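Colleague: Quick one: the structure is below, questions incoming.
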Amino acid sequence: MSIIVEGAVGRQPGPDNPTRRAAVARRTAVAAGAGLSLAAVGTALSSPVAPTGWITGALHSFGVLLIVAGFVVSARSAAPRIGWLMVCCGGLYHLGDLRASEQPWLFMVGFCLAYLWTAVLAHIALALPTGRVDDAVSRALVVASYLAAVGTQVGRFVAERPQPPWWWNLTPPPTSPWATIGSLTYAALTLAVLVVVARRWVTSTRLRRRPAGPIWAATMVLGAAGLTVAVAARVGAPPAVHVGTLATALTLDLLVIPLVALTRRIRSTRAQSHAARVLLGLDGRQLPHPARLGRTLAEAVGDPALRVTYPQGGGALCAHGDLTPPAREAGQAVTAIRRHGAVIARIIHDEALNEQLDVTRTAFGIAGLAIENAILYRAQQARIEELRHSRLRVSTAGFEERRRIQRDLHDGAQQQLYAVLMLLDTIRDAPAAGVPAELHRIRATAGRAHLLLRDAISGLQQLTQGIYPAALLGHGLAGAVGLLAEVAPVPLDVRVPSRRWPRHVEVTAYFFIAEGVANAYKHARAERVTVVAEERGPRLHVEVTDDGDGGATARPGSGLSGLRDRIAAVGGDLTIASPAGGGTRLAATLALEEPCG
Amino acid sequence: MRIGIVEDQPLLRTALAEVLSARGMAVVGVAGDPAEALRLGDRERPDVMLLDIRLPPTFVDEGLQIAEAMRRRHPTVGLLVLSSHAEVAFAQRLLSMEEDTRGVGYLLKERVGEVAELADAVRRVAGGEVIVDRCLIQRLMARPRLGDPLDRLSPHERRVLALVAEGRSNLGIAEQMGCQVGTVEKHLSAITGKLRLIPGDARARRGINVRVLATLAFLGGTGTG
């Protein structure tokens, strides 16, 4: 399989530029290092003030786990930026731990940036699945989230002058309207993000929901939790409610992430086998029409907008030509399928497919294989066709040569021999009375020469007839077979229409019949032979049936085997039915096509 | 007797002219291809034209085509066609040029080795007779048939049938067999009874060629009785 993918899929689905990917990877690694350090410091600082129980575990481990998950996503996914954002989010989450510090400036930083991670979370939710925030509304929302997350905290810090230590469970009641402003802004932004995500969810294809869905869901959970916290703060619920809600949401998300990984794995395997099943149904004997291959691939990978084009340059390889230079719409990517370095097809598909590399590689690999297979099949067919034509031309040239030799013998040598025969006749045949004995002897000798020459001419005539029957030219197959019937030593029942066919077909059919008839009386001791020729569509069917001994086989080197070769050479085939004691039926089928080229 | 010879092979053409001249015939012209042949025919209107069947350009049936053209232009010119291959179809075509074709002959080329016979054929064609080569008839008579209807004929009747096919008249048959014309007529009615092939006497009297054609059709068909 790997060979096919390597050989067939030139540009594998993934980020456009490998160097960019490496840059993102480096950035992610640095962010992860920093994030983990921050997590260690934060955990150490906050431990003394943290409540006991599972809640602390959840609050402490969320950031670290998010960093790890982000790192994995960045390394494995086609959208490494999402991973990078996850790592940042996990690291920034631990900034909140700095609020537990007695150091005033550390506390200040921790306080002001405690909710920065929620803005990153909104950023992630809006950047799914490609890692980019494309539309203006989303971009505005992201910027507003960052501003709100930091701005409201700074405002509150300035207004309230809070004193350390703080932590998620240690939040004294607000003394300024900034807390209310923060909560309301947060709630409004969260709602807006949720609406945008929900709208995307509704309008996006199944393909896009598939990879992004779980993370969207996780974001929704956190968003809902954030809303709850904000509302709780507004109604003056005790801090335990905030912490409990937050910890529950974080725990839920922690559970969601491995679950997501597992379901994606299972789903990917199922999708791969589905894609393989669908694509293996493609007919390997013809280059699939782009639309058809497109539909099949679309079904295989679940991207209804997927299209396939074949490049113009591969004209010889390609029946359908290039439809247009592949035009892609927003959110689409182009993947080229290569064979020996040359592009044999381009697939325009949803970028989100890059999210499921296993499925896409499998599907495109098999599609590439199907296309290559079709190209090879076409090339092979073309070669066979060329061979067939050249063999037909060679046979036809052979028949022409035979005809020329026949004409030379018949119209040259034979006519001269006739002249000699005539002259001999004038010497041998004269009144014998009163001629000298010497003259008589000369006449007798001339008479013998006359006899010998007549036999020789007769032999020559049979020879020329065997090279190319003259009647075939003048009267076609019916006439020539009629002559055959006149001289055959067995009764021939001939049913051949008086029609003309291409010369090589007539000659081949004639020699086939002559050989079949000769076999019937020479070897099979037949008492009756039937010869039938019949035109059926683009072919001439010729049958020679006898009531002889049967048991004829086309052993290598036998007459029938030679006959089979000669028939095959003009694009026909021979079938032999000859049960022992049951007569013989030879059937030849000849293509009625003129040799071309 | 004035003869025109149409033969593309120069050696054979010369030999034919010599031999026939030696037999007291006047060779008024020779030709090697269809155009020359027609000019010769138009110019000389010989008593008989001796035509090789295979001539340039296609070497298939040019001789017959000349015969057909000559018969349309000059119906009185006798036409003796020489063919290397005995083909019933050619003989039938030659005899079917007119409703009652006279003065035509279809001989095998090898007959040039029997000059006396050839000269005799020329004379008979000039006299308006119809001639089909005896070898062709022998071959047709001898071909194997299933339930051969010829088996029902006596040896005499078979001989009469062959002579009919060769184009002989009743008188000619009687001469050949050394018997009375009445005997020939008796044989003929017996044959007609047994084979139901020779048309009634009225038509037979009207044209020798009619009964030759009927016989050729019977012998040449692959009919199985």
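Here's how to read the names in the structure tokens: chain A, B, ... by the order shown, residue numbers from 1 in each chain, ligand numbers from 1 in the order shown.
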Residues within 7 Å of range 514-517 of chain A, please, as a list in words. Count only C-alpha atoms; anything in the same chain fewer than 3 positions from it doesn't count.
Modeller: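 What passes the distance filter is Tyr510, Phe511, Ala520, Tyr521, Val529 and Val544 of chain A.
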Colleague: Would you write out those residues with C-alpha atoms, as a compact mmCIF listing (two decimals), in the first residue's frame?
Modeller:
# COMPACT_ATOMS: atom_id res chain seq x y z
CA TYR A 510 -11.25 -19.94 -49.27
CA PHE A 511 -8.12 -21.63 -47.95
CA ALA A 520 -12.75 -34.36 -44.82
CA TYR A 521 -12.02 -36.66 -47.74
CA VAL A 529 -19.40 -32.19 -46.68
CA VAL A 544 -17.16 -26.78 -42.87
Colleague: At a cut-off of 10 Å, list the chain B residues touching chain A, using only C-alpha atoms, as an MDAnalysis selection string.
Modeller: chainID B and resid 7:16 18:19 22 54:55 58:61 84:90 109:116 136 139:148 219:224
Colleague: Could those selected residues go to a file with N, CA and C atoms, as a compact mmCIF listing (two decimals), in the first residue's frame?
Modeller:
# COMPACT_ATOMS: atom_id res chain seq x y z
N GLU B 7 -5.15 -11.79 -77.83
CA GLU B 7 -4.34 -12.53 -76.86
C GLU B 7 -3.19 -11.61 -76.44
N ASP B 8 -2.98 -11.49 -75.09
CA ASP B 8 -1.97 -10.52 -74.65
C ASP B 8 -0.56 -11.08 -74.68
N GLN B 9 -0.42 -12.41 -74.71
CA GLN B 9 0.92 -12.99 -74.69
C GLN B 9 1.44 -13.07 -76.14
N PRO B 10 2.50 -12.29 -76.48
CA PRO B 10 2.90 -12.16 -77.90
C PRO B 10 3.28 -13.49 -78.54
N LEU B 11 4.02 -14.33 -77.80
CA LEU B 11 4.47 -15.60 -78.38
C LEU B 11 3.28 -16.48 -78.77
N LEU B 12 2.32 -16.56 -77.84
CA LEU B 12 1.15 -17.39 -78.11
C LEU B 12 0.29 -16.79 -79.24
N ARG B 13 0.24 -15.47 -79.26
CA ARG B 13 -0.55 -14.78 -80.28
C ARG B 13 0.01 -15.08 -81.67
N THR B 14 1.33 -14.96 -81.78
CA THR B 14 1.99 -15.25 -83.06
C THR B 14 1.76 -16.70 -83.48
N ALA B 15 1.95 -17.60 -82.49
CA ALA B 15 1.79 -19.02 -82.79
C ALA B 15 0.38 -19.32 -83.27
N LEU B 16 -0.61 -18.72 -82.58
CA LEU B 16 -2.01 -18.94 -82.98
C LEU B 16 -2.24 -18.46 -84.42
N GLU B 18 -0.09 -18.08 -86.84
CA GLU B 18 0.60 -18.97 -87.79
C GLU B 18 -0.17 -20.25 -88.04
N VAL B 19 -0.54 -20.86 -86.92
CA VAL B 19 -1.16 -22.18 -87.01
C VAL B 19 -2.51 -22.11 -87.72
N ALA B 22 -2.07 -21.53 -91.35
CA ALA B 22 -1.67 -22.77 -91.99
C ALA B 22 -2.87 -23.67 -92.26
N ARG B 54 -8.52 -13.77 -69.99
CA ARG B 54 -7.73 -12.96 -69.06
C ARG B 54 -6.86 -11.99 -69.84
N LEU B 55 -7.19 -10.72 -69.74
CA LEU B 55 -6.44 -9.69 -70.46
C LEU B 55 -6.16 -8.53 -69.52
N THR B 58 -7.12 -5.99 -65.67
CA THR B 58 -7.35 -6.68 -64.40
C THR B 58 -7.13 -8.19 -64.47
N PHE B 59 -7.04 -8.74 -65.69
CA PHE B 59 -6.84 -10.17 -65.86
C PHE B 59 -7.94 -10.98 -65.17
N VAL B 60 -9.17 -10.51 -65.23
CA VAL B 60 -10.25 -11.27 -64.62
C VAL B 60 -11.20 -11.77 -65.71
N ASP B 61 -11.91 -10.87 -66.39
CA ASP B 61 -12.90 -11.32 -67.38
C ASP B 61 -12.99 -10.37 -68.57
N SER B 84 -8.41 -20.17 -69.26
CA SER B 84 -7.44 -21.07 -68.62
C SER B 84 -8.13 -21.94 -67.59
N HIS B 85 -9.10 -21.37 -66.91
CA HIS B 85 -9.79 -22.13 -65.87
C HIS B 85 -11.20 -22.39 -66.35
N ALA B 86 -11.58 -23.67 -66.30
CA ALA B 86 -12.93 -24.02 -66.74
C ALA B 86 -13.93 -23.55 -65.71
N GLU B 87 -14.61 -22.47 -66.02
CA GLU B 87 -15.57 -21.95 -65.06
C GLU B 87 -16.96 -21.91 -65.66
N VAL B 88 -17.86 -22.67 -65.04
CA VAL B 88 -19.22 -22.77 -65.55
C VAL B 88 -19.85 -21.39 -65.62
N ALA B 89 -19.54 -20.56 -64.60
CA ALA B 89 -20.16 -19.23 -64.55
C ALA B 89 -19.83 -18.42 -65.81
N PHE B 90 -18.58 -18.54 -66.30
CA PHE B 90 -18.19 -17.81 -67.51
C PHE B 90 -18.97 -18.33 -68.72
N LYS B 109 -8.26 -23.11 -72.53
CA LYS B 109 -7.06 -22.63 -73.19
C LYS B 109 -6.20 -23.78 -73.68
N GLU B 110 -6.21 -24.90 -72.94
CA GLU B 110 -5.36 -26.04 -73.31
C GLU B 110 -5.75 -26.62 -74.68
N ARG B 111 -6.91 -26.23 -75.19
CA ARG B 111 -7.35 -26.71 -76.51
C ARG B 111 -6.44 -26.20 -77.62
N VAL B 112 -5.62 -25.17 -77.32
CA VAL B 112 -4.69 -24.69 -78.36
C VAL B 112 -3.67 -25.77 -78.69
N GLY B 113 -3.55 -26.73 -77.78
CA GLY B 113 -2.64 -27.86 -78.06
C GLY B 113 -3.28 -28.90 -78.95
N GLU B 114 -4.56 -28.72 -79.30
CA GLU B 114 -5.26 -29.63 -80.22
C GLU B 114 -5.74 -28.75 -81.38
N VAL B 115 -4.80 -28.42 -82.25
CA VAL B 115 -5.09 -27.40 -83.24
C VAL B 115 -6.27 -27.77 -84.12
N ALA B 116 -6.36 -29.08 -84.46
CA ALA B 116 -7.46 -29.52 -85.33
C ALA B 116 -8.79 -29.23 -84.67
N LEU B 136 -14.89 -29.43 -69.67
CA LEU B 136 -15.73 -28.83 -68.62
C LEU B 136 -16.95 -29.72 -68.37
N ARG B 139 -16.04 -32.90 -66.59
CA ARG B 139 -15.80 -32.68 -65.17
C ARG B 139 -17.12 -32.53 -64.41
N LEU B 140 -18.05 -31.80 -65.03
CA LEU B 140 -19.35 -31.61 -64.38
C LEU B 140 -20.12 -32.92 -64.26
N MET B 141 -20.02 -33.75 -65.34
CA MET B 141 -20.74 -35.03 -65.32
C MET B 141 -20.16 -35.95 -64.24
N ALA B 142 -18.84 -35.80 -64.00
CA ALA B 142 -18.16 -36.76 -63.12
C ALA B 142 -18.21 -36.36 -61.66
N ARG B 143 -18.65 -35.14 -61.41
CA ARG B 143 -18.57 -34.70 -60.01
C ARG B 143 -19.51 -35.54 -59.14
N PRO B 144 -19.06 -35.81 -57.92
CA PRO B 144 -19.88 -36.65 -57.05
C PRO B 144 -21.14 -35.92 -56.58
N ARG B 145 -22.22 -36.66 -56.58
CA ARG B 145 -23.48 -36.10 -56.09
C ARG B 145 -24.09 -37.10 -55.13
N LEU B 146 -24.86 -36.56 -54.22
CA LEU B 146 -25.57 -37.47 -53.31
C LEU B 146 -26.80 -37.99 -54.03
N GLY B 147 -27.03 -39.31 -54.02
CA GLY B 147 -28.18 -39.89 -54.72
C GLY B 147 -28.17 -39.43 -56.16
N ASP B 148 -27.02 -39.61 -56.81
CA ASP B 148 -26.77 -39.01 -58.12
C ASP B 148 -27.88 -39.33 -59.13
N LEU B 219 -26.06 -29.45 -64.12
CA LEU B 219 -24.79 -30.11 -63.79
C LEU B 219 -23.95 -29.25 -62.84
N GLY B 220 -24.07 -27.94 -63.02
CA GLY B 220 -23.21 -27.06 -62.22
C GLY B 220 -23.74 -26.80 -60.84
N GLY B 221 -25.04 -27.00 -60.65
CA GLY B 221 -25.60 -26.77 -59.31
C GLY B 221 -25.07 -27.80 -58.34
N THR B 222 -25.20 -27.47 -57.09
CA THR B 222 -24.75 -28.45 -56.09
C THR B 222 -25.93 -29.30 -55.66
N GLY B 223 -26.96 -29.27 -56.50
CA GLY B 223 -28.19 -30.00 -56.17
C GLY B 223 -27.90 -31.44 -55.82
N THR B 224 -28.63 -31.94 -54.84
CA THR B 224 -28.35 -33.29 -54.37
C THR B 224 -29.46 -34.23 -54.78
Colleague: Could you check how far CA of Pro34 in chain B sits from CA of Gly63 in chain B, in Å to one decimal?
Modeller: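 The value is 7.5 Å.
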Colleague: Apply DSSP to the backbone of this structure and, from chain B, keep only the residues in strand (DSSP E); write these as a VMD selection string.
Modeller: chain B and resid 2 to 6 26 to 31 48 to 52 78 to 83 104 to 108 130 to 132
Colleague: Which distance in Å separates CA of Lys186 in chain B and CA of Gly103 in chain B, to one decimal?
Modeller: 26.8 Å
Colleague: Name all residues at most 10 Å from Leu161 in chain B (count only C-alpha atoms; drop same-chain ones fewer than 2 positions away) and give them as a list in words.
Modeller: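 Counting only C-alpha atoms, the residues come to Ile137, Met141, Leu150, Leu153, Pro155, His156, Glu157, Arg158, Arg159, Leu163, Val164, Ala165, Glu166, Arg168, Ile173, His187, Leu188, Ile191, Thr192, Ile198, Val212 and Thr215 of chain B.
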Colleague: Could those residues be written to a file, using N, CA and C atoms, as a compact mmCIF listing (two decimals), in the first residue's frame?
Modeller:
# COMPACT_ATOMS: atom_id res chain seq x y z
N ILE B 137 -17.56 -30.18 -69.48
CA ILE B 137 -18.76 -31.03 -69.35
C ILE B 137 -18.42 -32.34 -68.67
N MET B 141 -20.02 -33.75 -65.34
CA MET B 141 -20.74 -35.03 -65.32
C MET B 141 -20.16 -35.95 -64.24
N LEU B 150 -27.85 -38.81 -62.16
CA LEU B 150 -27.28 -39.31 -63.44
C LEU B 150 -27.18 -40.83 -63.43
N LEU B 153 -29.50 -42.72 -65.60
CA LEU B 153 -29.36 -42.72 -67.06
C LEU B 153 -28.55 -43.93 -67.52
N PRO B 155 -25.76 -45.61 -70.17
CA PRO B 155 -24.52 -45.02 -70.72
C PRO B 155 -24.79 -44.21 -71.98
N HIS B 156 -25.68 -44.68 -72.86
CA HIS B 156 -26.00 -43.94 -74.06
C HIS B 156 -26.62 -42.59 -73.74
N GLU B 157 -27.53 -42.64 -72.77
CA GLU B 157 -28.21 -41.40 -72.40
C GLU B 157 -27.24 -40.40 -71.78
N ARG B 158 -26.28 -40.91 -71.01
CA ARG B 158 -25.28 -40.01 -70.43
C ARG B 158 -24.48 -39.33 -71.52
N ARG B 159 -24.14 -40.13 -72.53
CA ARG B 159 -23.34 -39.58 -73.64
C ARG B 159 -24.15 -38.50 -74.37
N LEU B 163 -23.30 -34.45 -74.80
CA LEU B 163 -23.24 -33.78 -76.10
C LEU B 163 -24.22 -32.61 -76.16
N VAL B 164 -25.35 -32.75 -75.49
CA VAL B 164 -26.29 -31.63 -75.40
C VAL B 164 -25.60 -30.46 -74.70
N ALA B 165 -24.93 -30.79 -73.59
CA ALA B 165 -24.26 -29.73 -72.80
C ALA B 165 -23.15 -29.08 -73.60
N GLU B 166 -22.50 -29.85 -74.50
CA GLU B 166 -21.42 -29.26 -75.29
C GLU B 166 -21.96 -28.36 -76.39
N ARG B 168 -24.18 -29.45 -78.95
CA ARG B 168 -24.49 -30.11 -80.22
C ARG B 168 -25.99 -30.08 -80.50
N ILE B 173 -25.42 -34.58 -82.65
CA ILE B 173 -25.31 -35.70 -81.71
C ILE B 173 -25.38 -37.02 -82.48
N HIS B 187 -33.68 -40.83 -77.06
CA HIS B 187 -32.84 -40.69 -75.85
C HIS B 187 -33.19 -39.41 -75.11
N LEU B 188 -33.36 -38.33 -75.89
CA LEU B 188 -33.61 -37.03 -75.27
C LEU B 188 -34.90 -37.03 -74.45
N ILE B 191 -34.28 -38.88 -71.32
CA ILE B 191 -33.54 -38.07 -70.34
C ILE B 191 -34.46 -37.04 -69.70
N THR B 192 -35.24 -36.39 -70.56
CA THR B 192 -36.17 -35.39 -70.04
C THR B 192 -37.11 -36.01 -69.01
N ILE B 198 -34.49 -30.86 -69.38
CA ILE B 198 -34.42 -30.19 -70.67
C ILE B 198 -35.82 -29.69 -71.00
N VAL B 212 -28.64 -25.93 -73.53
CA VAL B 212 -27.28 -25.99 -72.97
C VAL B 212 -27.28 -25.33 -71.59
N THR B 215 -28.90 -27.50 -69.04
CA THR B 215 -28.05 -28.63 -68.65
C THR B 215 -26.91 -28.16 -67.76
Colleague: So which residues of range 74-131 of chain A fall under alpha helix (DSSP H) by DSSP, listed as a PyMOL selection string?
Modeller: chain A and resi 74-76+80-93+104-112+116-127
Colleague: Would you mind listing what lies within 10 Å of range 235-246 of chain A as a compact mmCIF listing (two decimals) with C-alpha atoms, in the first residue's frame, with only C-alpha atoms counted and same-chain residues fewer than 4 positions away left out?
Modeller:
# COMPACT_ATOMS: atom_id res chain seq x y z
CA PRO A 51 -8.83 23.30 48.37
CA ILE A 55 -11.26 19.62 42.29
CA THR A 56 -7.65 20.62 42.82
CA ALA A 58 -8.77 18.79 37.90
CA LEU A 59 -7.76 22.44 38.18
CA TRP A 167 -7.14 31.50 43.34
CA TRP A 168 -10.12 29.90 41.66
CA ASN A 169 -11.62 29.17 45.07
CA LEU A 170 -10.42 32.38 46.70
CA THR A 171 -12.34 35.22 45.03
CA PRO A 172 -13.48 37.93 47.45
CA PRO A 173 -16.75 39.60 46.48
CA PRO A 174 -16.33 42.44 44.00
CA VAL A 221 -18.90 22.76 27.41
CA LEU A 222 -16.31 25.24 28.64
CA ALA A 224 -21.43 26.91 28.93
CA ALA A 225 -19.47 26.54 32.16
CA GLY A 226 -18.09 30.06 31.73
CA THR A 228 -22.75 29.57 34.37
CA VAL A 229 -19.84 31.01 36.35
CA ALA A 230 -20.62 34.47 35.09
CA VAL A 231 -24.31 34.16 35.95
CA LEU A 250 -12.52 21.07 32.88
CA THR A 251 -12.87 17.45 33.96
CA LEU A 252 -15.46 16.82 31.29
